[in-house]
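So the structure is just underneath, and the comments pick up after that.
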Amino acid sequence: MKLKHIYKEGKNEKVLLLLHGTGGTENDLLPLAGMIDPEASVLSVRGNVSENGMPRFFKRLREGVFDEEDLIERTRELYEFLDEAAAHYGFRRDQIVAAGYSNGANIAGSLLFHYEKSLRGALLFHPMVPRRGVDLPDQTGVPVFIGAGENDPICPPSETHDLKSLLRAAGAHVTDYWERTGHQLTEQEVRAAGEFYKTQF
């Protein structure tokens, strides 16, 4: 399997797919899994694009402007990796819930934008709209949590509102959670995501 990752088998059938932010590694979000579902299996992936030595999941042209061609290719690569990982480790492919922060949230959102039922659900922390002007596949009933900061300089509130609207139009069950913070991931946000997770999965 071409993506560097950590896999830890859990005690229930659910699988938390952890996707870090720019400059992170597959170790960054491991504590988050314990706060959301300590019984779930964990599949934590490292982005294989380097931006000045910082791992990312896809290229960007500049801050807030994605390289769409690369985004599409890397999303396909991640989608295929999830199929491979499910076969290799023996977990159910339809039980994957993504939990991503920033760049990781964007690639998780891109899975939802490009592939029908690619995830059982998603916890997206400070995501942006992956692509605009495209038709989303049917995501009826897929639960999505969006964590956002009212003062986020990288992901302005309009991005959150637009993403919520687009996913809802595709049938997803979307909840947004706001804090008066910037782009950082807070403990309260993770705990709110954990409560959402308990009610949905």
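Please note that chains go A, B, ... in the order of the structure tokens, that every chain numbers its residues from 1, and that ligands are numbered from 1 in the order shown.
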At most 12 Å is the cut-off: for each residue in range 28-74 of chain A with any atom that close to an atom of range 111-115 of chain A, write down the nearest atom pair and the distance in Å rounded to one decimal, counting only C-alpha atoms, chain first then increasing number, as CSV.
residue,atom,partner,partner_atom,distance
A:Leu71,CA,A:Leu111,CA,10.0
A:Ile72,CA,A:His114,CA,8.1
A:Glu73,CA,A:His114,CA,10.8
A:Arg74,CA,A:Leu111,CA,9.8
Go ahead and save the picked residues with N, CA and C atoms, as an mmCIF file, in the first residue's frame.
data_model
loop_
_atom_site.group_PDB
_atom_site.id
_atom_site.type_symbol
_atom_site.label_atom_id
_atom_site.label_comp_id
_atom_site.auth_asym_id
_atom_site.auth_seq_id
_atom_site.Cartn_x
_atom_site.Cartn_y
_atom_site.Cartn_z
ATOM 1 N N LEU A 71 -5.840 17.464 -6.608
ATOM 2 C CA LEU A 71 -6.856 17.079 -5.627
ATOM 3 C C LEU A 71 -7.653 15.878 -6.116
ATOM 4 N N ILE A 72 -8.071 15.907 -7.366
ATOM 5 C CA ILE A 72 -8.856 14.802 -7.932
ATOM 6 C C ILE A 72 -8.040 13.506 -7.923
ATOM 7 N N GLU A 73 -6.774 13.608 -8.340
ATOM 8 C CA GLU A 73 -5.913 12.424 -8.393
ATOM 9 C C GLU A 73 -5.633 11.868 -7.005
ATOM 10 N N ARG A 74 -5.333 12.761 -6.047
ATOM 11 C CA ARG A 74 -5.019 12.298 -4.682
ATOM 12 C C ARG A 74 -6.255 11.750 -3.987
#
Residues flagged strand (DSSP E or B) by DSSP in range 46-98 of chain A, as a list of chain:residue names:
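Filtering range 46-98 of chain A down to strand (DSSP E or B) leaves A:Val49, A:Ser50, A:Glu51, A:Met54, A:Pro55, A:Arg56, A:Arg60, A:Leu61, A:Arg62, A:Val65, A:Phe66, A:Ile96, A:Val97, A:Ala98.
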Write out, as a compact mmCIF listing (two decimals), in the first residue's frame, the residues just selected, with C-alpha atoms.
# COMPACT_ATOMS: atom_id res chain seq x y z
CA VAL A 49 2.61 15.40 -1.03
CA SER A 50 5.44 17.57 0.29
CA GLU A 51 5.14 21.35 0.48
CA MET A 54 5.58 19.59 5.12
CA PRO A 55 3.33 16.58 4.42
CA ARG A 56 -0.01 17.37 2.77
CA ARG A 60 -2.19 23.87 -3.56
CA LEU A 61 -1.35 26.82 -5.75
CA ARG A 62 -1.32 29.20 -2.77
CA VAL A 65 -6.35 27.87 -3.62
CA PHE A 66 -6.24 24.16 -4.40
CA ILE A 96 -15.06 4.03 7.81
CA VAL A 97 -15.70 7.37 9.51
CA ALA A 98 -13.18 10.05 8.56
From the list A:Thr75, A:Leu166, A:Asp67, A:Trp178, which residue is nearest Gly133 in chain A when using only C-alpha atoms?
A:Leu166
Using only C-alpha atoms, determine which residues lie at most 10 Å from Gly182 in chain A, disregarding the query and same-chain residues fewer than 5 positions distant; provide the list as a PyMOL selection string.
chain A and resi 126+148-156
Between A:Phe196, A:Tyr89, A:Phe201, A:Phe57, smallest distance to Thr22 in chain A by only C-alpha atoms belongs to A:Phe57
Identify which of the residues A:Gly104, A:Asp28, A:Asn48, A:Glu195 lies closest to Lys4 in chain A, counting only C-alpha atoms when measuring atom-to-atom distances.
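Going through A:Gly104, A:Asp28, A:Asn48, A:Glu195 one by one, the smallest distance to Lys4 in chain A is for A:Asn48.
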Which is closest to Leu29 in chain A among A:Gly10, A:Gly64, A:Gly100, A:Gly53, if we use only C-alpha atoms?
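Closest candidate: A:Gly100.
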From the list A:Pro127, A:Gly141, A:Gly171, A:Gly34, which residue is nearest Leu16 in chain A when using only C-alpha atoms?
A:Gly34
Let's see if you can do this: from backbone DSSP, list all helix (DSSP H, G or I) residues in range 93-192 of chain A, as a ChimeraX atom specification.
/A:93-95,103-114,157-169,187-192
Gap from CA of Thr199 in chain A to CA of Leu18 in chain A - Å, one decimal
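Between CA of Thr199 in chain A and CA of Leu18 in chain A the gap is 19.7 Å.
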Find the residues near His88 in chain A: any atom within 12 Å, counting only C-alpha atoms, skip ones fewer than 5 places away on the same chain, and give them as a PyMOL selection string.
chain A and resi 1+7+81-83+93
What's around Val45 in chain A at 7 Å? Count only C-alpha atoms, leave out sequence neighbours fewer than 4 positions away in its own chain, and write the answer as a list in words.
Leu3, Lys4, His5, Ile6, Leu18, Leu19 and Glu26 of chain A
Could you save the residues just selected, with N, CA and C atoms, as a PDB file, in the first residue's frame?
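This is the output file again_23.pdb:
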ATOM      1  N   LEU A   3       0.415   4.510   0.662  1.00  0.00           N
ATOM      2  CA  LEU A   3       0.331   5.595   1.638  1.00  0.00           C
ATOM      3  C   LEU A   3       0.853   5.137   2.995  1.00  0.00           C
ATOM      4  N   LYS A   4       1.749   5.923   3.570  1.00  0.00           N
ATOM      5  CA  LYS A   4       2.286   5.602   4.891  1.00  0.00           C
ATOM      6  C   LYS A   4       1.157   5.765   5.906  1.00  0.00           C
ATOM      7  N   HIS A   5       1.051   4.809   6.829  1.00  0.00           N
ATOM      8  CA  HIS A   5      -0.083   4.840   7.745  1.00  0.00           C
ATOM      9  C   HIS A   5       0.188   4.011   8.993  1.00  0.00           C
ATOM     10  N   ILE A   6      -0.692   4.181   9.959  1.00  0.00           N
ATOM     11  CA  ILE A   6      -0.722   3.358  11.171  1.00  0.00           C
ATOM     12  C   ILE A   6      -2.099   2.702  11.231  1.00  0.00           C
ATOM     13  N   LEU A  18      -8.038   8.779  10.261  1.00  0.00           N
ATOM     14  CA  LEU A  18      -7.479  10.036  10.749  1.00  0.00           C
ATOM     15  C   LEU A  18      -6.633  10.691   9.668  1.00  0.00           C
ATOM     16  N   LEU A  19      -6.908  11.974   9.415  1.00  0.00           N
ATOM     17  CA  LEU A  19      -6.249  12.708   8.338  1.00  0.00           C
ATOM     18  C   LEU A  19      -5.751  14.051   8.887  1.00  0.00           C
ATOM     19  N   GLU A  26       1.059  10.961  10.598  1.00  0.00           N
ATOM     20  CA  GLU A  26       0.041   9.976  10.983  1.00  0.00           C
ATOM     21  C   GLU A  26      -0.094   9.826  12.496  1.00  0.00           C
TER      22      GLU A  26
END
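Those residues that approach range 144-147 of chain A to within 7 Å, counting only C-alpha atoms, are Gly121, Ala122, Leu123, Leu124, Phe125, His126, Ala172, His173, Val174, Thr175, Asp176, Tyr177, Trp178, Glu189 and Ala193 of chain A; same-chain residues fewer than 4 positions away are not listed.
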Selection export as a compact mmCIF listing (two decimals), in the first residue's frame, atoms kept: N, CA, C and O atoms:
# COMPACT_ATOMS: atom_id res chain seq x y z
N GLY A 121 -19.37 8.25 7.39
CA GLY A 121 -19.61 9.58 7.92
C GLY A 121 -18.29 10.32 8.02
O GLY A 121 -17.23 9.77 7.71
N ALA A 122 -18.36 11.58 8.44
CA ALA A 122 -17.14 12.38 8.52
C ALA A 122 -17.23 13.43 9.62
O ALA A 122 -18.28 14.03 9.84
N LEU A 123 -16.11 13.61 10.29
CA LEU A 123 -15.94 14.67 11.28
C LEU A 123 -14.89 15.61 10.70
O LEU A 123 -13.70 15.25 10.64
N LEU A 124 -15.32 16.77 10.24
CA LEU A 124 -14.44 17.68 9.51
C LEU A 124 -14.14 18.91 10.37
O LEU A 124 -15.05 19.68 10.70
N PHE A 125 -12.89 19.08 10.71
CA PHE A 125 -12.48 20.21 11.53
C PHE A 125 -11.81 21.27 10.65
O PHE A 125 -10.76 21.03 10.06
N HIS A 126 -12.46 22.43 10.54
CA HIS A 126 -11.96 23.57 9.75
C HIS A 126 -11.71 23.21 8.29
O HIS A 126 -10.64 23.45 7.75
N ALA A 172 -26.69 14.62 2.63
CA ALA A 172 -25.98 14.35 3.88
C ALA A 172 -26.69 15.01 5.07
O ALA A 172 -27.37 16.03 4.92
N HIS A 173 -26.51 14.42 6.23
CA HIS A 173 -27.05 14.97 7.48
C HIS A 173 -25.92 15.76 8.13
O HIS A 173 -25.00 15.18 8.68
N VAL A 174 -25.98 17.09 8.04
CA VAL A 174 -24.84 17.93 8.42
C VAL A 174 -25.15 18.75 9.67
O VAL A 174 -26.20 19.39 9.77
N THR A 175 -24.22 18.73 10.62
CA THR A 175 -24.28 19.57 11.81
C THR A 175 -23.02 20.42 11.86
O THR A 175 -21.91 19.89 11.68
N ASP A 176 -23.18 21.73 12.08
CA ASP A 176 -21.99 22.57 12.25
C ASP A 176 -21.87 23.01 13.70
O ASP A 176 -22.86 23.21 14.40
N TYR A 177 -20.64 23.17 14.13
CA TYR A 177 -20.33 23.57 15.50
C TYR A 177 -19.34 24.73 15.43
O TYR A 177 -18.32 24.63 14.75
N TRP A 178 -19.66 25.82 16.14
CA TRP A 178 -18.86 27.03 16.04
C TRP A 178 -18.23 27.41 17.38
O TRP A 178 -18.85 27.28 18.43
N GLU A 189 -14.11 21.37 20.63
CA GLU A 189 -14.56 20.98 19.28
C GLU A 189 -14.55 19.46 19.13
O GLU A 189 -15.50 18.86 18.60
N ALA A 193 -17.65 16.90 18.57
CA ALA A 193 -17.66 15.90 17.50
C ALA A 193 -17.91 14.52 18.07
O ALA A 193 -18.62 13.70 17.47
Point-to-point distance from CA of Leu30 in chain A to CA of Lys117 in chain A, Å rounded to tenths:
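Straight-line distance from CA of Leu30 in chain A to CA of Lys117 in chain A works out to 24.4 Å.
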Can you work out the spacing between CA of Ser118 in chain A and CA of Tyr79 in chain A in Å, to one decimal?
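For CA of Ser118 in chain A relative to CA of Tyr79 in chain A, the distance reads 7.4 Å.
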Have a look at A:Phe91, A:Tyr101, A:Tyr197, A:Phe58 and name the one nearest to Asp37 in chain A; count only C-alpha atoms.
A:Tyr197
